[in-house]
$ cat target_25.cif   # mmCIF, C-alpha atoms
data_start
#
loop_
_atom_site.label_atom_id
_atom_site.label_comp_id
_atom_site.auth_asym_id
_atom_site.auth_seq_id
_atom_site.Cartn_x
_atom_site.Cartn_y
_atom_site.Cartn_z
CA MET Z 1 16.97 6.45 43.09
CA LYS Z 2 13.60 8.09 42.73
CA ILE Z 3 12.09 7.49 39.28
CA PHE Z 4 8.48 7.75 38.13
CA GLY Z 5 7.48 8.89 41.61
CA ARG Z 6 8.91 5.87 43.42
CA GLU Z 7 12.07 5.40 45.46
CA LEU Z 8 13.81 2.27 44.17
CA LYS Z 9 17.05 0.53 45.03
CA LYS Z 10 19.48 -0.59 42.33
CA GLU Z 11 18.42 -4.24 42.61
CA ASP Z 12 14.74 -3.30 42.34
CA VAL Z 13 15.37 -1.35 39.14
CA LEU Z 14 17.42 -4.12 37.54
CA LYS Z 15 14.69 -6.68 38.25
CA LYS Z 16 12.27 -4.65 36.12
CA VAL Z 17 14.43 -3.90 33.02
CA GLY Z 18 16.42 -6.01 30.59
CA ASP Z 19 19.04 -3.27 30.39
CA ILE Z 20 19.44 0.17 31.93
CA SER Z 21 19.04 1.66 28.42
CA GLN Z 22 15.33 0.87 28.77
CA LEU Z 23 15.18 3.87 31.10
CA GLY Z 24 17.85 6.11 29.61
CA GLY Z 25 21.57 6.31 29.11
CA VAL Z 26 24.30 7.37 26.71
CA LYS Z 27 24.15 7.04 22.91
CA CYS Z 28 27.04 7.80 20.54
CA TYR Z 29 26.48 8.55 16.85
CA GLU Z 30 27.53 10.70 13.89
CA PHE Z 31 25.49 13.19 11.84
CA THR Z 32 25.23 12.19 8.17
CA ASP Z 33 23.50 15.08 6.39
CA GLY Z 34 23.91 18.77 5.57
CA LEU Z 35 26.37 21.18 7.18
CA ARG Z 36 26.57 19.01 10.29
CA ARG Z 37 27.68 15.92 8.38
CA GLY Z 38 30.52 14.11 10.13
CA ILE Z 39 30.04 15.63 13.60
CA ARG Z 40 30.37 13.01 16.32
CA ALA Z 41 27.79 13.42 19.08
CA VAL Z 42 26.65 11.90 22.35
CA ASP Z 43 23.06 12.00 23.59
CA MET Z 44 22.26 11.56 27.27
CA LYS Z 45 18.69 10.86 28.37
CA SER Z 46 17.20 10.22 31.78
CA PRO Z 47 13.77 9.17 33.10
CA CYS Z 48 13.74 12.33 35.24
CA GLY Z 49 13.37 14.33 32.01
CA ILE Z 50 16.86 15.41 30.91
CA ASP Z 51 17.58 15.03 27.19
CA MET Z 52 20.78 16.61 25.85
CA THR Z 53 23.22 16.48 22.96
CA VAL Z 54 26.99 16.91 23.33
CA LEU Z 55 28.99 17.63 20.15
CA LEU Z 56 32.37 15.91 20.34
CA ASP Z 57 33.72 17.77 17.30
CA ARG Z 58 32.59 21.13 18.64
CA ALA Z 59 34.62 21.23 21.88
CA MET Z 60 32.17 18.86 23.63
CA ASP Z 61 29.68 21.74 23.84
CA ILE Z 62 25.99 21.14 24.53
CA SER Z 63 23.90 21.97 21.46
CA TYR Z 64 20.55 20.98 22.97
CA LEU Z 65 18.94 20.53 26.38
CA SER Z 66 15.33 19.86 27.21
CA TYR Z 67 13.45 18.86 30.33
CA LYS Z 68 10.41 16.62 29.79
CA SER Z 69 10.39 17.84 26.15
CA ILE Z 70 10.46 21.51 27.27
CA PRO Z 71 13.35 23.23 25.42
CA VAL Z 72 15.71 25.13 27.71
CA ASN Z 73 18.13 26.73 25.25
CA TRP Z 74 17.93 28.89 22.12
CA ARG Z 75 19.09 27.45 18.80
CA SER Z 76 20.13 29.65 15.90
CA ALA Z 77 19.27 29.33 12.21
CA THR Z 78 22.72 27.85 11.49
CA ARG Z 79 21.90 24.71 13.48
CA GLU Z 80 24.84 22.43 14.22
CA THR Z 81 27.64 22.93 11.70
CA SER Z 82 30.82 20.97 11.10
CA PRO Z 83 33.99 22.72 12.26
CA VAL Z 84 35.29 22.56 8.67
CA PHE Z 85 33.08 25.60 7.97
CA TYR Z 86 34.66 27.73 10.71
CA GLU Z 87 35.91 31.17 9.61
CA SER Z 88 38.27 32.88 12.02
CA ARG Z 89 38.22 36.53 10.88
CA GLY Z 90 36.11 39.32 12.30
CA ALA Z 91 32.61 38.24 13.29
CA GLU Z 92 32.48 35.27 10.88
CA TRP Z 93 32.42 32.98 13.96
CA LEU Z 94 28.67 33.69 13.89
CA ARG Z 95 28.30 31.55 10.75
CA THR Z 96 28.86 28.44 12.86
CA PHE Z 97 27.24 29.66 16.09
CA TYR Z 98 24.29 27.32 16.66
CA GLY Z 99 23.55 28.71 20.11
CA GLY Z 100 22.80 25.69 22.27
CA LEU Z 101 22.89 25.44 26.02
CA LEU Z 102 26.67 25.89 26.00
CA THR Z 103 29.15 27.23 23.46
CA THR Z 104 32.65 27.58 24.85
CA CYS Z 105 34.62 30.69 23.87
CA GLY Z 106 38.39 30.98 24.28
CA MET Z 107 40.89 29.66 25.20
CA THR Z 108 43.60 32.17 24.35
CA TYR Z 109 41.16 34.89 23.33
CA MET Z 110 37.44 35.67 23.31
CA GLY Z 111 35.22 38.71 23.03
CA ALA Z 112 35.28 41.40 20.36
CA PRO Z 113 37.60 41.01 17.34
CA SER Z 114 40.90 42.86 17.72
CA VAL Z 115 44.53 42.99 16.65
CA ASP Z 116 46.71 42.18 19.66
CA ASN Z 117 50.53 42.28 19.43
CA GLY Z 118 50.21 42.09 15.64
CA GLU Z 119 47.94 39.02 15.73
CA GLU Z 120 44.49 39.31 14.12
CA LEU Z 121 41.89 37.80 16.45
CA GLY Z 122 38.31 37.04 15.48
CA LEU Z 123 35.18 36.91 17.62
CA HIS Z 124 35.25 34.47 20.57
CA GLY Z 125 38.24 32.34 19.63
CA ARG Z 126 38.76 28.89 18.15
CA ILE Z 127 37.91 26.43 20.92
CA SER Z 128 34.25 25.84 19.97
CA ASN Z 129 35.35 24.61 16.53
CA LEU Z 130 37.97 22.12 17.73
CA SER Z 131 37.44 18.36 18.07
CA ALA Z 132 37.80 16.26 21.20
CA GLU Z 133 40.02 13.20 21.45
CA ASN Z 134 40.47 10.45 24.04
CA VAL Z 135 36.68 10.51 24.41
CA TRP Z 136 34.99 8.23 26.92
CA SER Z 137 31.22 8.15 27.42
CA ASP Z 138 29.48 5.73 29.75
CA GLY Z 139 27.19 5.28 32.72
CA LYS Z 140 27.67 3.63 36.10
CA TRP Z 141 25.91 2.92 39.35
CA GLU Z 142 26.96 4.90 42.40
CA GLY Z 143 25.06 3.21 45.19
CA ASP Z 144 21.40 3.35 44.17
CA SER Z 145 21.91 6.25 41.77
CA TYR Z 146 22.86 5.88 38.07
CA VAL Z 147 25.36 8.45 36.73
CA MET Z 148 26.00 9.23 33.04
CA PHE Z 149 29.06 11.06 31.73
CA VAL Z 150 31.15 11.96 28.72
CA GLN Z 151 34.73 13.19 28.92
CA GLY Z 152 37.57 14.04 26.57
CA LYS Z 153 40.38 16.44 25.70
CA ILE Z 154 40.51 19.42 23.32
CA ARG Z 155 43.83 20.97 22.32
CA GLU Z 156 44.41 24.51 21.01
CA ALA Z 157 48.01 24.67 19.81
CA LYS Z 158 50.22 26.52 17.35
CA VAL Z 159 53.85 26.00 16.36
CA PHE Z 160 55.82 28.91 17.86
CA GLY Z 161 52.63 29.88 19.68
CA ASP Z 162 50.30 29.07 22.57
CA LYS Z 163 49.65 25.46 23.55
CA LEU Z 164 46.67 24.81 25.82
CA GLU Z 165 44.77 21.60 26.51
CA LEU Z 166 41.24 21.42 27.91
CA THR Z 167 40.06 18.29 29.72
CA ARG Z 168 36.26 18.30 29.98
CA LYS Z 169 33.79 16.07 31.79
CA ILE Z 170 30.00 16.44 31.54
CA THR Z 171 27.86 14.55 34.05
CA THR Z 172 24.15 14.05 34.59
CA TRP Z 173 22.01 11.71 36.69
CA MET Z 174 19.02 9.48 35.95
CA ASP Z 175 17.08 10.77 38.93
CA THR Z 176 18.08 14.47 39.09
CA PRO Z 177 17.51 17.22 36.48
CA LYS Z 178 21.07 18.51 36.84
CA VAL Z 179 24.07 18.82 34.51
CA VAL Z 180 27.63 19.50 35.67
CA VAL Z 181 30.45 20.67 33.39
CA GLU Z 182 33.97 20.33 34.83
CA ASP Z 183 36.91 21.78 32.89
CA SER Z 184 40.63 21.71 33.55
CA ILE Z 185 42.91 23.78 31.31
CA GLU Z 186 46.65 23.05 31.28
CA ASN Z 187 49.42 25.02 29.62
CA ILE Z 188 51.36 22.23 27.89
CA GLY Z 189 53.82 24.67 26.28
CA SER Z 190 57.04 26.20 27.54
CA GLU Z 191 55.90 29.86 27.61
CA LYS Z 192 53.16 31.60 29.56
CA SER Z 193 49.98 32.08 27.56
CA PRO Z 194 46.97 34.40 27.70
CA ILE Z 195 43.86 32.66 28.97
CA MET Z 196 40.44 34.13 28.21
CA MET Z 197 37.34 32.02 28.90
CA LEU Z 198 33.67 32.71 28.30
CA TYR Z 199 30.93 30.11 28.72
CA HIS Z 200 28.21 31.19 26.26
CA VAL Z 201 25.01 29.87 27.89
CA ASN Z 202 22.00 30.65 25.69
CA ILE Z 203 18.51 30.50 27.23
CA GLY Z 204 15.52 30.52 24.89
CA TYR Z 205 11.76 30.07 24.63
CA PRO Z 206 9.75 28.95 26.58
CA VAL Z 207 12.03 29.39 29.61
CA LEU Z 208 12.62 32.86 28.15
CA ASP Z 209 9.40 34.74 27.45
CA SER Z 210 7.77 38.10 28.11
CA THR Z 211 6.76 36.80 31.55
CA SER Z 212 10.31 35.73 32.47
CA SER Z 213 12.90 37.44 34.63
CA LEU Z 214 16.56 37.11 35.59
CA LEU Z 215 17.22 36.36 39.25
CA GLU Z 216 20.60 36.50 40.96
CA SER Z 217 22.31 36.98 44.27
CA LYS Z 218 23.34 40.51 45.25
CA ALA Z 219 25.24 41.94 42.28
CA GLU Z 220 26.79 45.08 40.85
CA VAL Z 221 25.50 45.45 37.29
CA THR Z 222 27.13 47.70 34.67
CA PRO Z 223 25.84 48.38 31.12
CA ARG Z 224 28.44 47.75 28.40
CA ASP Z 225 27.62 50.74 26.19
CA GLY Z 226 25.04 53.38 25.29
CA GLU Z 227 22.62 50.84 23.84
CA ALA Z 228 22.65 48.86 27.07
CA LYS Z 229 22.16 52.05 29.11
CA LYS Z 230 18.86 52.63 27.30
CA GLY Z 231 17.44 49.42 28.79
CA PHE Z 232 19.32 49.38 32.07
CA ASP Z 233 16.20 49.84 34.21
CA LYS Z 234 14.78 46.65 32.67
CA PHE Z 235 17.91 44.50 32.29
CA SER Z 236 16.33 41.68 34.32
CA LYS Z 237 12.98 41.73 32.49
CA PHE Z 238 12.07 40.53 29.02
CA SER Z 239 9.57 41.40 26.30
CA GLU Z 240 7.90 39.90 23.29
CA PRO Z 241 10.23 39.71 20.23
CA ILE Z 242 10.97 43.16 18.76
CA CYS Z 243 11.79 43.74 15.10
CA GLY Z 244 15.17 45.48 14.78
CA PHE Z 245 16.14 45.03 18.44
CA LYS Z 246 19.80 45.89 19.07
CA GLU Z 247 21.62 43.65 21.51
CA GLN Z 248 22.20 44.87 25.05
CA CYS Z 249 25.04 43.56 27.22
CA TYR Z 250 25.52 43.95 30.95
CA PHE Z 251 28.44 43.03 33.20
CA HIS Z 252 27.43 41.40 36.51
CA ASP Z 253 29.68 41.07 39.53
CA ILE Z 254 27.65 38.56 41.58
CA GLU Z 255 28.31 38.05 45.26
CA ALA Z 256 29.51 34.52 46.00
CA ASP Z 257 27.67 32.18 48.34
CA LYS Z 258 29.32 30.45 51.30
CA ASP Z 259 30.78 27.83 48.94
CA GLY Z 260 32.38 30.43 46.67
CA ASN Z 261 29.82 30.11 43.85
CA SER Z 262 27.84 32.75 41.97
CA ASN Z 263 24.18 31.91 41.35
CA VAL Z 264 21.90 33.18 38.59
CA ALA Z 265 18.64 31.94 37.10
CA ILE Z 266 16.18 32.74 34.33
CA VAL Z 267 12.65 31.83 35.36
CA ASN Z 268 9.19 31.93 33.81
CA PRO Z 269 6.60 31.62 36.61
CA ASP Z 270 3.68 31.87 34.14
CA PHE Z 271 4.78 28.90 32.04
CA ASN Z 272 2.08 26.28 31.41
CA ASN Z 273 -0.73 28.19 33.12
CA GLY Z 274 1.29 29.03 36.21
CA GLU Z 275 3.19 25.78 36.67
CA GLY Z 276 6.51 27.59 36.25
CA ILE Z 277 9.87 26.64 34.75
CA GLY Z 278 13.42 27.93 35.03
CA ILE Z 279 17.11 27.17 34.74
CA TRP Z 280 19.63 27.90 37.50
CA LEU Z 281 23.34 28.30 36.74
CA LYS Z 282 25.97 28.01 39.45
CA PHE Z 283 29.66 28.69 38.72
CA ASN Z 284 32.87 29.13 40.71
CA LYS Z 285 33.62 32.81 41.30
CA ASP Z 286 37.34 32.44 41.99
CA ASN Z 287 38.20 31.60 38.37
CA LEU Z 288 35.05 33.04 36.74
CA PRO Z 289 34.63 36.34 38.61
CA TYR Z 290 32.03 37.95 36.32
CA LEU Z 291 28.91 37.20 34.32
CA VAL Z 292 28.08 38.78 30.97
CA GLN Z 293 24.37 39.06 30.23
CA TRP Z 294 23.60 39.09 26.51
CA LYS Z 295 20.04 40.33 26.03
CA GLN Z 296 18.76 39.88 22.47
CA MET Z 297 15.01 40.32 22.02
CA GLY Z 298 15.02 40.09 18.21
CA MET Z 299 12.69 38.24 15.88
CA GLY Z 300 13.95 34.65 15.78
CA GLU Z 301 17.10 35.77 17.56
CA TYR Z 302 15.24 35.80 20.85
CA VAL Z 303 17.71 34.79 23.53
CA CYS Z 304 19.31 35.76 26.81
CA GLY Z 305 22.90 34.71 27.32
CA ILE Z 306 24.12 34.22 30.89
CA GLU Z 307 27.86 33.91 30.37
CA PRO Z 308 30.45 33.31 33.13
CA VAL Z 309 33.78 34.89 32.17
CA ASN Z 310 37.30 35.39 33.48
CA ASN Z 311 37.72 38.62 31.46
CA PHE Z 312 35.31 41.13 29.97
CA VAL Z 313 34.38 40.87 26.28
CA ARG Z 314 36.13 44.03 25.03
CA GLY Z 315 38.72 42.00 23.12
CA ARG Z 316 42.21 40.86 24.05
CA LYS Z 317 43.92 44.06 22.94
CA ILE Z 318 41.88 46.21 25.33
CA GLU Z 319 42.19 43.70 28.18
CA ARG Z 320 45.97 43.74 27.77
CA GLU Z 321 46.13 47.55 27.63
CA LYS Z 322 44.03 47.83 30.80
CA GLY Z 323 46.25 45.35 32.62
CA ALA Z 324 43.30 42.96 33.05
CA LEU Z 325 44.51 40.15 30.78
CA LYS Z 326 45.10 36.88 32.63
CA PHE Z 327 47.87 34.35 31.91
CA ILE Z 328 48.53 30.68 32.53
CA GLU Z 329 52.10 29.58 33.25
CA PRO Z 330 53.80 26.50 31.73
CA GLY Z 331 52.56 23.39 33.51
CA GLU Z 332 49.84 25.32 35.34
CA LYS Z 333 46.29 23.98 35.49
CA ILE Z 334 43.16 26.09 36.03
CA ASN Z 335 39.82 24.47 36.88
CA TYR Z 336 36.32 25.70 36.06
CA ARG Z 337 32.97 24.26 37.09
CA LEU Z 338 29.45 25.03 35.90
CA GLU Z 339 26.31 23.44 37.33
CA PHE Z 340 22.90 23.64 35.66
CA ASN Z 341 19.76 22.81 37.64
CA VAL Z 342 16.28 22.78 36.13
CA LEU Z 343 13.78 24.67 38.31
CA THR Z 344 10.86 22.38 37.57
CA SER Z 345 8.04 24.44 39.10
CA ASN Z 346 7.22 27.64 40.94
CA LYS Z 347 8.00 25.79 44.16
CA ASP Z 348 11.60 25.35 42.96
CA ILE Z 349 11.72 28.99 41.84
CA GLU Z 350 10.63 30.17 45.30
CA ILE Z 351 13.27 27.98 46.96
CA PHE Z 352 15.93 29.58 44.72
CA LYS Z 353 14.66 33.09 45.53
CA ASN Z 354 14.63 32.44 49.26
CA LYS Z 355 18.12 30.97 49.28
CA TYR Z 356 19.99 33.24 46.88
CA CYS Z 357 18.06 36.47 46.21
#
$ encode --input "target_25.cif" --output "structure tokens"
Amino acid sequence: MKIFGRELKKEDVLKKVGDISQLGGVKCYEFTDGLRRGIRAVDMKSPCGIDMTVLLDRAMDISYLSYKSIPVNWRSATRETSPVFYESRGAEWLRTFYGGLLTTCGMTYMGAPSVDNGEELGLHGRISNLSAENVWSDGKWEGDSYVMFVQGKIREAKVFGDKLELTRKITTWMDTPKVVVEDSIENIGSEKSPIMMLYHVNIGYPVLDSTSSLLESKAEVTPRDGEAKKGFDKFSKFSEPICGFKEQCYFHDIEADKDGNSNVAIVNPDFNNGEGIGIWLKFNKDNLPYLVQWKQMGMGEYVCGIEPVNNFVRGRKIEREKGALKFIEPGEKINYRLEFNVLTSNKDIEIFKNKYC
């Protein structure tokens, strides 16, 4: 693997370190203070610059990602919170929404609060406040490359109700600034169940700045409402933080590449005096056909969400009424895959543009 500018074989690396943890690896621990007390977490660090935190008691979501100490994601004022503080009604989900690189929304409902078939549903579902079990985190050599991973299962179940189980694996490499999230959702019940998935990816400063832009393959873009229409001509551009900014959401139908993936990136070519930085998200279009862009240019709440979805975010009631609600049959499994690549310089940004835009 190539580390610190040199190409080294496995045996060469092991001759120079007492243990691979000298270079990076996987660390498991538990928070002990404040509202995040009791949350189990896994940190993964690599000499190529990746540093991330996975919260085992928050659906194995990624609360933090940086590259060479450059933050990639936005973090809210709530910070990490224990799932014991979760409130399911209305928009109270926001009280435990720390942002992070990835907050999973679903599995049986997501989007706007609604009452569907007599059931009161809050914002974005329960999954992000459920704990993982059967967790395994480790690292291993694959040839001359060292791979780090964490995997586990999260179950959303109700007596006389829906019963879904998510198996998640998160992988990164010591020599590549890349993170892959692989999910498999199985209906372990005896009745078909609604399935609504949204991957809430939250990009923040300094990747997001007034000099940043959103890049994507050919796409049809639709504003969600009147507020979004006001800024439609600038949906892919960003500004300095604006006091009182009202969120704008856009629905993107992105053309798939030859491998069936949609590609989108947020880039800041002016970062660090023109060095450039960005994050590229790739996701499978067959099971995640759309992307929701959440543009929030507020003071402190300065973030752009790039959110792959299998349904729009109008709420389950509206999706059902429009005939757009998707279901998963008993015993059926549905797979999702997200890949994050750090665009480390303007050279990487140009390569992305030339290949996908």
$ resolve_selection --input "target_25.cif" --expression "the PyMOL selection byres ((chain Z and resi 76) around 9)" --output "JSON, numbers by chain"
{"Z": [74, 75, 77, 78, 79, 80, 97, 98, 99, 100, 300, 301]}
$ write_last_selection --input "target_25.cif" --atoms "C-alpha atoms" --output "tab-separated table (two decimals), in the frame of the given file"
chain	number	residue	atom	x	y	z
Z	74	TRP	CA	17.93	28.89	22.12
Z	75	ARG	CA	19.09	27.45	18.80
Z	77	ALA	CA	19.27	29.33	12.21
Z	78	THR	CA	22.72	27.85	11.49
Z	79	ARG	CA	21.90	24.71	13.48
Z	80	GLU	CA	24.84	22.43	14.22
Z	97	PHE	CA	27.24	29.66	16.09
Z	98	TYR	CA	24.29	27.32	16.66
Z	99	GLY	CA	23.55	28.71	20.11
Z	100	GLY	CA	22.80	25.69	22.27
Z	300	GLY	CA	13.95	34.65	15.78
Z	301	GLU	CA	17.10	35.77	17.56
$ closest_residue --input "target_25.cif" --among "Z:Trp173, Z:Phe232, Z:Tyr290, Z:Phe160" --to "Ala219 (chain Z)" --atoms "only C-alpha atoms"
Z:Tyr290
$ closest_residue --input "target_25.cif" --among "Z:Lys333, Z:Lys218, Z:Arg36, Z:Arg89" --to "Asn187 (chain Z)" --atoms "only C-alpha atoms"
Z:Lys333
$ closest_residue --input "target_25.cif" --among "Z:Asp253, Z:Asp259, Z:Asp138, Z:Asp162" --to "Glu191 (chain Z)" --atoms "all atoms listed in the file"
Z:Asp162
$ resolve_selection --input "target_25.cif" --expression "the PyMOL selection byres ((chain Z and resi 212) around 7)" --output "PDB file with C-alpha atoms, in the coordinates of the input"
ATOM      1  CA  LEU Z 208      12.620  32.860  28.150  1.00  0.00           C
ATOM      2  CA  ASP Z 209       9.400  34.740  27.450  1.00  0.00           C
ATOM      3  CA  SER Z 210       7.770  38.100  28.110  1.00  0.00           C
ATOM      4  CA  THR Z 211       6.760  36.800  31.550  1.00  0.00           C
ATOM      5  CA  SER Z 213      12.900  37.440  34.630  1.00  0.00           C
ATOM      6  CA  LYS Z 237      12.980  41.730  32.490  1.00  0.00           C
ATOM      7  CA  PHE Z 238      12.070  40.530  29.020  1.00  0.00           C
ATOM      8  CA  ILE Z 266      16.180  32.740  34.330  1.00  0.00           C
ATOM      9  CA  VAL Z 267      12.650  31.830  35.360  1.00  0.00           C
ATOM     10  CA  ASN Z 268       9.190  31.930  33.810  1.00  0.00           C
ATOM     11  CA  PRO Z 269       6.600  31.620  36.610  1.00  0.00           C
TER      12      PRO Z 269
END
$ residues_around --input "target_25.cif" --residues "Val292 (chain Z)" --least-positions-apart "5" --cutoff "10 Å" --atoms "all atoms listed in the file" --output "list of chain:residue names"
Z:Leu198, Z:Tyr199, Z:His200, Z:Val201, Z:Val221, Z:Thr222, Z:Pro223, Z:Arg224, Z:Cys249, Z:Tyr250, Z:Phe251, Z:His252, Z:Asp253, Z:Gly305, Z:Ile306, Z:Glu307, Z:Pro308, Z:Val309, Z:Asn311, Z:Phe312, Z:Val313
$ residues_around --input "target_25.cif" --residues "Ser137 (chain Z)" --least-positions-apart "4" --cutoff "12 Å" --atoms "only C-alpha atoms" --output "PDB file with C-alpha atoms, in the coordinates of the input"
ATOM      1  CA  GLY Z  25      21.570   6.310  29.110  1.00  0.00           C
ATOM      2  CA  VAL Z  26      24.300   7.370  26.710  1.00  0.00           C
ATOM      3  CA  LYS Z  27      24.150   7.040  22.910  1.00  0.00           C
ATOM      4  CA  CYS Z  28      27.040   7.800  20.540  1.00  0.00           C
ATOM      5  CA  TYR Z  29      26.480   8.550  16.850  1.00  0.00           C
ATOM      6  CA  ALA Z  41      27.790  13.420  19.080  1.00  0.00           C
ATOM      7  CA  VAL Z  42      26.650  11.900  22.350  1.00  0.00           C
ATOM      8  CA  ASP Z  43      23.060  12.000  23.590  1.00  0.00           C
ATOM      9  CA  MET Z  44      22.260  11.560  27.270  1.00  0.00           C
ATOM     10  CA  VAL Z  54      26.990  16.910  23.330  1.00  0.00           C
ATOM     11  CA  LEU Z  56      32.370  15.910  20.340  1.00  0.00           C
ATOM     12  CA  MET Z  60      32.170  18.860  23.630  1.00  0.00           C
ATOM     13  CA  GLU Z 133      40.020  13.200  21.450  1.00  0.00           C
ATOM     14  CA  VAL Z 147      25.360   8.450  36.730  1.00  0.00           C
ATOM     15  CA  MET Z 148      26.000   9.230  33.040  1.00  0.00           C
ATOM     16  CA  PHE Z 149      29.060  11.060  31.730  1.00  0.00           C
ATOM     17  CA  VAL Z 150      31.150  11.960  28.720  1.00  0.00           C
ATOM     18  CA  GLN Z 151      34.730  13.190  28.920  1.00  0.00           C
ATOM     19  CA  GLY Z 152      37.570  14.040  26.570  1.00  0.00           C
ATOM     20  CA  ARG Z 168      36.260  18.300  29.980  1.00  0.00           C
ATOM     21  CA  LYS Z 169      33.790  16.070  31.790  1.00  0.00           C
ATOM     22  CA  ILE Z 170      30.000  16.440  31.540  1.00  0.00           C
ATOM     23  CA  THR Z 171      27.860  14.550  34.050  1.00  0.00           C
ATOM     24  CA  THR Z 172      24.150  14.050  34.590  1.00  0.00           C
TER      25      THR Z 172
END
$ resolve_selection --input "target_25.cif" --expression "the PyMOL selection byres ((chain Z and resi 185) around 12)" --output "number ranges by chain"
Z: 106-108, 127, 153-156, 163-169, 182-184, 186-188, 193-197, 287, 327-337
$ residues_around --input "target_25.cif" --residues "Lys353 (chain Z)" --least-positions-apart "4" --cutoff "8 Å" --atoms "all atoms listed in the file" --output "mmCIF file with C-alpha atoms, in the frame of the given file"
data_model
loop_
_atom_site.group_PDB
_atom_site.id
_atom_site.type_symbol
_atom_site.label_atom_id
_atom_site.label_comp_id
_atom_site.auth_asym_id
_atom_site.auth_seq_id
_atom_site.Cartn_x
_atom_site.Cartn_y
_atom_site.Cartn_z
ATOM 1 C CA LEU Z 215 17.220 36.360 39.250
ATOM 2 C CA ILE Z 349 11.720 28.990 41.840
ATOM 3 C CA CYS Z 357 18.060 36.470 46.210
#
$ decode --input "target_25.cif" --residues "region 182-212 of chain Z" --atoms "C-alpha atoms" --output "PDB file, in the first residue's frame"
ATOM      1  CA  GLU Z 182     -23.254  -1.494   2.654  1.00  0.00           C
ATOM      2  CA  ASP Z 183     -26.768  -2.154   3.967  1.00  0.00           C
ATOM      3  CA  SER Z 184     -29.060  -5.134   3.622  1.00  0.00           C
ATOM      4  CA  ILE Z 185     -32.633  -4.840   4.921  1.00  0.00           C
ATOM      5  CA  GLU Z 186     -34.671  -8.001   5.481  1.00  0.00           C
ATOM      6  CA  ASN Z 187     -38.344  -8.323   6.321  1.00  0.00           C
ATOM      7  CA  ILE Z 188     -38.223 -10.840   9.177  1.00  0.00           C
ATOM      8  CA  GLY Z 189     -41.995 -10.668   9.751  1.00  0.00           C
ATOM      9  CA  SER Z 190     -44.878 -12.527   8.158  1.00  0.00           C
ATOM     10  CA  GLU Z 191     -46.591  -9.528   6.493  1.00  0.00           C
ATOM     11  CA  LYS Z 192     -45.390  -7.121   3.824  1.00  0.00           C
ATOM     12  CA  SER Z 193     -44.111  -3.855   5.245  1.00  0.00           C
ATOM     13  CA  PRO Z 194     -43.615  -0.308   3.957  1.00  0.00           C
ATOM     14  CA  ILE Z 195     -39.976   0.527   3.351  1.00  0.00           C
ATOM     15  CA  MET Z 196     -38.873   4.152   3.220  1.00  0.00           C
ATOM     16  CA  MET Z 197     -35.144   4.948   3.293  1.00  0.00           C
ATOM     17  CA  LEU Z 198     -33.290   8.240   3.327  1.00  0.00           C
ATOM     18  CA  TYR Z 199     -29.543   8.562   3.878  1.00  0.00           C
ATOM     19  CA  HIS Z 200     -29.116  12.005   5.481  1.00  0.00           C
ATOM     20  CA  VAL Z 201     -25.594  13.032   4.372  1.00  0.00           C
ATOM     21  CA  ASN Z 202     -24.693  16.429   5.848  1.00  0.00           C
ATOM     22  CA  ILE Z 203     -21.810  18.389   4.316  1.00  0.00           C
ATOM     23  CA  GLY Z 204     -20.437  21.362   6.239  1.00  0.00           C
ATOM     24  CA  TYR Z 205     -17.654  23.933   6.442  1.00  0.00           C
ATOM     25  CA  PRO Z 206     -14.994  24.107   5.027  1.00  0.00           C
ATOM     26  CA  VAL Z 207     -16.010  21.708   2.232  1.00  0.00           C
ATOM     27  CA  LEU Z 208     -19.178  23.813   2.132  1.00  0.00           C
ATOM     28  CA  ASP Z 209     -18.478  27.532   1.778  1.00  0.00           C
ATOM     29  CA  SER Z 210     -19.493  30.514  -0.330  1.00  0.00           C
ATOM     30  CA  THR Z 211     -16.975  29.355  -2.961  1.00  0.00           C
ATOM     31  CA  SER Z 212     -18.396  25.817  -3.123  1.00  0.00           C
TER      32      SER Z 212
END
